[in-house]
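Trainee: One structure is given below, represented as structure tokens, and several questions about it will come after.
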Amino acid sequence: MNWEEIKSRAEAKWSALEEAPLHIRIGTPTCGRAAGALETLRIFRERLQREGLDVPLTEVGCMGLCFAEPLVIISKPESGFPPICYKNVRFDEAQKLINDFILGDDPCLEIALGTVELGQDDAPVIPELERFEIERRLVLKNCGWIDPEDIDHYIARGGYSALRDVLLGKDPEQVIAEIGQAGLRGRGGAGFLTSRKWASCRRQKSEPKYLICNADEGDPGAFMDRVVLESDPHSVIEGMIIAGYAIGAAKGFIYTRMEYPLVIERLQKALEQARAYGLLGEDIFGSGFSFDIEVIRGAGAFICGESTAMTYSIEGKRGMPRVRPPRSVERGLWGQPTVVNNVKTLALVTRIMEMGPDEFREIGTRSSPGTAVFALAGKVKQIGLCEVPMGTTLRQVIFEVGGGVPEGKEFKAVQIGGPAGGCVGEEALDLPVDFDSFRAAGAIMGSGGMIVLDNSNCMVETARFFLDFLSREDCGKCSFGRLGIKQLLMILEDITAGRGKEGDIELLEGLCEDLLQGCLCNLGRTAPNPVLTTLRYFRSEYEAHIRERRCPALVCRDLIAYFILPEKCEKGCDHCVLTCPTEAIVTDERTRKKRILQDKCVKCGTCLEVCPPEYSAVIKVSPPEKVKELESREA
Amino acid sequence: MSKEEVEAVEEVLESCPRERRHLIRILQAIQEKLGYLPEDALREVALFFGISPAEVYGVATFYNQFRFVPLGKFHIVVCMGTACHSMGGALVLDAFQRELGIKVGEVTPDRKYSLERVGCIGCCTQAPVVVVNGRIFPKMTPYKVEEVLAKLKAEDELGGDKEQG
Ligand SMILES: Cc1cc2nc3c(=O)[nH]c(=O)nc-3n(C[C@H](O)[C@H](O)[C@H](O)COP(=O)(O)O)c2cc1C
Ligand code: FES
């Protein structure tokens, strides 16, 4: 089949779906599956079969609206409605939709999230949601709208046409120039100019050259790259072929995490389909350029996200970073010139070739053109992914796109840039999101994970958590990393356990400075960030822990105690007594009220969790001695 | 190693090109089959590539994925990623440790349960999450830990380990 045939067949297949009297899309990415999407899919499939209805049912990826998963989109043109997107569709909702809308004509708007239309750049948007006024979806353009396991969907939406134009009409230098003109900076964290990296690799005389797509996404709390690869793998594959052509590589690798089985499965399928169409392999589009891609499964080491460590890992060795220079573009994989780019960087390469560098450059800010993809998680209402132009403020992202913190909670901080990023507080909310402003605020842009913390999160404990993570993941090569991170962690452990001393804060600050100076790679050099930013924005919390043995957020277990308020405790209710794992709750013979035996209590919080909301009798206090005060109050 | 284990290792080695770069892939394949990496298997792999057993062991111990003792029938993985931690993952992990009487990285004496922690499995929207033999339990709490264990126990008694994967 030649390209024209492939393309027209794909387009015919897509428009048949678009024009079908009924078409159901169900999102089944990993996050959707965790919410029960496969069950929803099964219900629809079985019920439609039972009704004898031959309705196309498409499994799609993630639209980023994870808070509403499982998501179902139903198109029924004759109803007069545009496609409607439904939220949290489980058993009851699925049956209702089939009974009332598919078999009947009630569109069940009460469980709808909104209608779907194709907006700017042909990306699906839900105009009823405020977030879409701010979002601009380039990387996420196809996510949640096409079947990621069907290359025809991608082609029908314009896919691989940019690659064809590049291979048949542009020389590699021109491609690099256009990426430079677009001002594209790498989305893997550091924001390095992609065109510069590519140009220096192209200049190298040594052959062969390699391209690596960094899909390691080790930052806990980040899931952007997973969503892109599960929902629209071809955008990344197309970007890789373009990049390979530009730098002069014939072989590419996608290095991804073993924790992402669905990514691996979908990538393998996508690569096979691309090969079958001649889009990968020998002499692509008859241009004389050959390129192929291999998927490498990581083995669970955060440090392998670092580019030099990653090349060693692909060689089958321990993934330990090495001193740079030489940089990977000079001596990378097997000592050959190698470019490492993030998943989103490569997806944006495809978009830039489609839309032209000038249009891309107009989005975002002068120094950081284009869009940024964020994964919003933690204490925020609309958990999920979003994509906004660079320069949007953090406040807009958290409150307008993410809907703010859930009722009854108060925003406290947002953690950005991965474990070695930083926690910034309220006063930094008006910061525009771009590479340079983040750095000024003491954090790093990182690859886009954003965890919102509220007043029930302790900032000292949060810093301890990140240092704990980093000390586990540190490769052990340089002594500042190996010992320095451990020392930071031990001081933080002391403070959170109530063993803090005067002078600890200063000691932390001094050590942080040493790590910044002395570490070999960026894991160690950025490890102080969680400590420095929490000290900068939440110093008083550290002081309360050290001086008063008090945890203001009521989190640090050694500094809190649980207490049952007798005036609220209901005599007849036994929830806490029955569920306490250590039998630490006793019932007073006379009053039938419950009391916690402090020396038996392991502070697991179960009593607080099971105490019925109408009583809310269980509280936490800090410091723990407060319990005595409360007890004597009764006496 | 048992006879089956020896055969499984041989099968993996036969299907793989003898290139040094495939070391990690081979270790992954062996672990997939056996559930862990027996010492003798590491020696076989070293022989296969013509490198020292120490080098194989060095690579295997560097990566978090590899284990050197067999897993329990139910392998419980508690996510301790940022999102799960901020939603109370540590309390959930504690509850498992307490209920099972083992620490992270250990296996119960009856080999029924093993416990591990992991840093983010990309399901942050359902935090805190626990994965048992590939099955995801969303929005966990210490209280739900008991429920999950009761469920696993019931499945065990029914002899149902079909979810194993
Ligand atoms: C400890 C550490 C972990 C990293 N993890 C990732 C990662 O998971 N994904 C990623 O794209 N880049 C990661 N990086 C950055 C990479 O080294 C590299 O800069 C990036 O992949 C380059 O791609 P870009 O130019 O497209 O941004 C990490 C860096 C360090 C120091
Ligand atoms: S932090 Fe647990 S799934 Fe991401």
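Ordered as shown in the structure tokens, chains take letters A, B, and onward, while each chain numbers its residues from 1 and ligands are numbered from 1 in the order shown.
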Residues contacting ligand 1 - anything with an atom at most 9 Å away, using only C-alpha atoms and all ligand atoms - can you give me those as an mmCIF file with C-alpha atoms, in the first residue's frame?

Mentor:
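Here's the written file pocket.cif:
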data_model
loop_
_atom_site.group_PDB
_atom_site.id
_atom_site.type_symbol
_atom_site.label_atom_id
_atom_site.label_comp_id
_atom_site.auth_asym_id
_atom_site.auth_seq_id
_atom_site.Cartn_x
_atom_site.Cartn_y
_atom_site.Cartn_z
ATOM 1 C CA ARG A 185 13.206 23.767 25.337
ATOM 2 C CA GLY A 186 13.406 20.232 26.686
ATOM 3 C CA ARG A 187 10.455 19.163 28.830
ATOM 4 C CA GLY A 188 12.503 16.692 30.879
ATOM 5 C CA GLY A 189 13.246 19.254 33.542
ATOM 6 C CA ALA A 190 16.251 21.394 32.818
ATOM 7 C CA GLY A 191 14.785 23.245 29.854
ATOM 8 C CA PHE A 192 17.810 22.863 27.619
ATOM 9 C CA LEU A 193 17.392 24.172 24.051
ATOM 10 C CA THR A 194 16.520 21.183 21.900
ATOM 11 C CA LYS A 197 21.496 19.683 21.586
ATOM 12 C CA ILE A 212 16.961 7.995 23.323
ATOM 13 C CA CYS A 213 13.452 8.905 24.374
ATOM 14 C CA ASN A 214 13.498 9.368 28.136
ATOM 15 C CA ALA A 215 10.252 7.827 29.379
ATOM 16 C CA ASP A 216 11.604 6.854 32.764
ATOM 17 C CA GLU A 217 9.352 9.306 34.618
ATOM 18 C CA GLY A 218 10.669 8.388 38.008
ATOM 19 C CA ASP A 219 9.316 11.420 39.840
ATOM 20 C CA ASP A 225 4.584 10.736 30.185
ATOM 21 C CA THR A 256 10.535 3.347 30.147
ATOM 22 C CA PHE A 302 15.105 6.546 39.768
ATOM 23 C CA ILE A 303 18.634 7.636 38.902
ATOM 24 C CA CYS A 304 18.339 6.021 35.469
ATOM 25 C CA GLY A 305 16.234 9.028 34.435
ATOM 26 C CA GLU A 306 19.492 10.965 34.391
ATOM 27 C CA SER A 307 20.838 10.836 30.870
ATOM 28 C CA THR A 308 24.333 9.418 31.444
ATOM 29 C CA ALA A 309 22.992 6.839 33.904
ATOM 30 C CA MET A 310 20.374 5.888 31.344
ATOM 31 C CA PRO A 321 25.863 8.921 36.286
ATOM 32 C CA VAL A 339 20.683 12.695 22.106
ATOM 33 C CA VAL A 340 18.391 12.117 25.094
ATOM 34 C CA ASN A 341 15.011 13.814 24.940
ATOM 35 C CA ASN A 342 11.929 13.630 27.090
ATOM 36 C CA VAL A 343 8.624 12.159 25.846
ATOM 37 C CA LYS A 344 6.861 15.528 25.723
ATOM 38 C CA THR A 345 9.759 17.232 23.988
ATOM 39 C CA LEU A 346 9.480 14.682 21.182
ATOM 40 C CA GLY A 418 9.775 16.054 41.456
ATOM 41 C CA ALA A 420 14.332 17.236 44.187
ATOM 42 C CA GLY A 446 11.022 19.419 36.599
ATOM 43 C CA SER A 447 9.012 17.351 34.258
ATOM 44 C CA LEU A 470 16.475 10.495 47.435
ATOM 45 C CA GLU A 473 17.638 6.259 45.114
ATOM 46 C CA ASP A 474 21.053 7.860 45.325
ATOM 47 C CA CYS A 521 25.188 14.708 39.326
ATOM 48 C CA ASN A 522 21.968 16.636 39.447
ATOM 49 C CA LEU A 523 20.311 14.209 41.822
ATOM 50 C CA GLY A 524 22.685 15.281 44.561
ATOM 51 C CA ARG A 525 22.870 18.888 43.476
ATOM 52 C CA THR A 526 19.099 19.276 43.599
#

Trainee: Name the residues, by chain letter and number, that sit within 8 Å of ligand 2 using only C-alpha atoms and all ligand atoms, and give them as a list in words.

Mentor: Pro220, Gly221, Ala222 and Phe223 of chain A; Cys79, Met80, Gly81, Thr82, Ala83, Cys84, His85, Gly119, Cys120, Ile121, Gly122, Cys123, Cys124, Thr125, Gln126, Ala127, Pro128 and Val129 of chain B

Trainee: Keeping N, CA and C atoms, export the residues of the selection given above as a tab-separated table (two decimals), in the first residue's frame.

Mentor:
chain	number	residue	atom	x	y	z
A	220	PRO	N	8.01	10.55	41.71
A	220	PRO	CA	6.75	10.08	42.27
A	220	PRO	C	5.74	11.22	42.23
A	221	GLY	N	4.55	10.92	41.81
A	221	GLY	CA	3.54	11.97	41.73
A	221	GLY	C	3.44	12.56	40.34
A	222	ALA	N	4.23	12.04	39.40
A	222	ALA	CA	4.16	12.54	38.04
A	222	ALA	C	3.67	11.42	37.14
A	223	PHE	N	2.76	11.72	36.24
A	223	PHE	CA	2.27	10.66	35.35
A	223	PHE	C	1.95	11.19	33.96
B	79	CYS	N	2.19	1.75	47.64
B	79	CYS	CA	2.81	2.89	46.97
B	79	CYS	C	3.20	3.93	48.01
B	80	MET	N	4.45	4.37	47.93
B	80	MET	CA	4.92	5.42	48.82
B	80	MET	C	5.41	6.60	47.99
B	81	GLY	N	4.77	6.79	46.84
B	81	GLY	CA	5.07	7.96	46.02
B	81	GLY	C	4.56	9.22	46.69
B	82	THR	N	4.84	10.35	46.08
B	82	THR	CA	4.49	11.63	46.71
B	82	THR	C	3.00	11.75	46.99
B	83	ALA	N	2.21	11.44	45.97
B	83	ALA	CA	0.77	11.62	46.13
B	83	ALA	C	0.25	10.67	47.19
B	84	CYS	N	0.66	9.43	47.13
B	84	CYS	CA	0.17	8.45	48.11
B	84	CYS	C	0.66	8.80	49.51
B	85	HIS	N	1.87	9.28	49.61
B	85	HIS	CA	2.38	9.67	50.91
B	85	HIS	C	1.58	10.83	51.48
B	119	GLY	N	7.81	3.43	44.68
B	119	GLY	CA	7.68	4.88	44.54
B	119	GLY	C	6.85	5.23	43.33
B	120	CYS	N	5.58	5.37	43.50
B	120	CYS	CA	4.64	5.81	42.46
B	120	CYS	C	4.45	4.83	41.31
B	121	ILE	N	3.20	4.42	41.15
B	121	ILE	CA	2.87	3.54	40.03
B	121	ILE	C	2.00	4.27	39.01
B	122	GLY	N	1.98	5.60	39.13
B	122	GLY	CA	1.26	6.39	38.13
B	122	GLY	C	-0.25	6.40	38.31
B	123	CYS	N	-0.73	5.99	39.48
B	123	CYS	CA	-2.18	6.02	39.75
B	123	CYS	C	-2.48	7.03	40.83
B	124	CYS	N	-1.74	8.12	40.83
B	124	CYS	CA	-1.81	9.09	41.92
B	124	CYS	C	-3.23	9.60	42.15
B	125	THR	N	-4.06	9.52	41.10
B	125	THR	CA	-5.42	10.03	41.25
B	125	THR	C	-6.23	9.17	42.20
B	126	GLN	N	-5.76	7.94	42.46
B	126	GLN	CA	-6.51	7.04	43.34
B	126	GLN	C	-5.80	6.89	44.68
B	127	ALA	N	-4.91	7.81	44.99
B	127	ALA	CA	-4.03	7.68	46.15
B	127	ALA	C	-4.82	7.63	47.47
B	128	PRO	N	-4.27	6.93	48.48
B	128	PRO	CA	-3.11	6.03	48.40
B	128	PRO	C	-3.50	4.66	47.84
B	129	VAL	N	-2.60	4.09	47.03
B	129	VAL	CA	-2.94	2.82	46.39
B	129	VAL	C	-2.04	1.68	46.86

Trainee: What does the structure give for the distance between atom CA of A:Asn529 and atom CA of A:Arg439, in Å to one decimal?

Mentor: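 Taking atom CA of A:Asn529 as the start and atom CA of A:Arg439 as the end point, the length is 10.6 Å.
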
Trainee: Which residues of chain A are close to chain B, meaning at most 8 Å apart when you count only C-alpha atoms, and how do they look as a count of residues only?

Mentor: 40

Trainee: For stretch 172-182 of chain A, please output as a list in words all residues within 8 Å (counting only C-alpha atoms; exclusion window: fewer than 6 positions along the same chain).

Mentor: Val166, Leu193, Thr194, Ser195, Arg196, Trp198, Ala199, Tyr245, Ala246, Ile247, Gly248, Val349, Ile352, Gly356, Pro357, Asp358, Phe360, Arg361 and Pro369 of chain A

Trainee: To one decimal place in Å, what is the distance between atom CA of A:Val55 and atom CA of A:Leu109?

Mentor: 20.9 Å

Trainee: Write out as a PyMOL selection string all residues of stretch 22-99 of chain A that DSSP puts in strand (DSSP E) for this structure's backbone.

Mentor: chain A and resi 23-27+57-60+72-75+84-86

Trainee: Need to verify the contact set: stretch 68-74 of chain B, 8 Å, only C-alpha atoms, exclusion of same-chain residues closer than 2 positions in sequence. Can you return it as an MDAnalysis selection string?

Mentor: chainID B and resid 34:39 66 76 107:108 111:114 132:133 152 164

Trainee: Using C-alpha atoms, can you write the selected residues to a file as a PDB file, in the first residue's frame?

Mentor:
ATOM      1  CA  LEU B  34      10.736 -17.806  38.903  1.00  0.00           C
ATOM      2  CA  GLY B  35       9.514 -14.841  40.919  1.00  0.00           C
ATOM      3  CA  TYR B  36      13.073 -14.171  42.143  1.00  0.00           C
ATOM      4  CA  LEU B  37      16.724 -14.594  41.195  1.00  0.00           C
ATOM      5  CA  PRO B  38      18.302 -17.674  42.781  1.00  0.00           C
ATOM      6  CA  GLU B  39      22.050 -17.465  43.298  1.00  0.00           C
ATOM      7  CA  PHE B  66      15.324  -7.627  41.511  1.00  0.00           C
ATOM      8  CA  ILE B  76       1.515  -6.711  48.468  1.00  0.00           C
ATOM      9  CA  VAL B 107       7.815 -12.651  53.560  1.00  0.00           C
ATOM     10  CA  THR B 108       5.507 -14.252  56.134  1.00  0.00           C
ATOM     11  CA  ARG B 111       5.075 -17.821  52.386  1.00  0.00           C
ATOM     12  CA  LYS B 112       1.578 -16.499  51.848  1.00  0.00           C
ATOM     13  CA  TYR B 113       2.299 -12.773  51.974  1.00  0.00           C
ATOM     14  CA  SER B 114       5.214 -10.583  51.040  1.00  0.00           C
ATOM     15  CA  VAL B 132      -1.639  -7.051  45.164  1.00  0.00           C
ATOM     16  CA  ASN B 133      -0.436  -9.376  42.392  1.00  0.00           C
ATOM     17  CA  LEU B 152      -7.075 -12.312  50.254  1.00  0.00           C
ATOM     18  CA  GLN B 164      -1.597 -14.025  39.977  1.00  0.00           C
TER      19      GLN B 164
END

Trainee: If we count only C-alpha atoms, what is near A:Pro389 at a cut-off of 6 Å, once residues fewer than 5 positions away on the same chain are taken out, given as a list of chain:residue names?

Mentor: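 Selected residues are A:Gly364, A:Gly370, A:Thr371.
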
Trainee: If we count only C-alpha atoms, what is near B:Glu11 at a cut-off of 12 Å, once residues fewer than 3 positions away on the same chain are taken out, given as a ChimeraX atom specification?

Mentor: /B:4-8,14-16,26,29-30,33,41,44-45
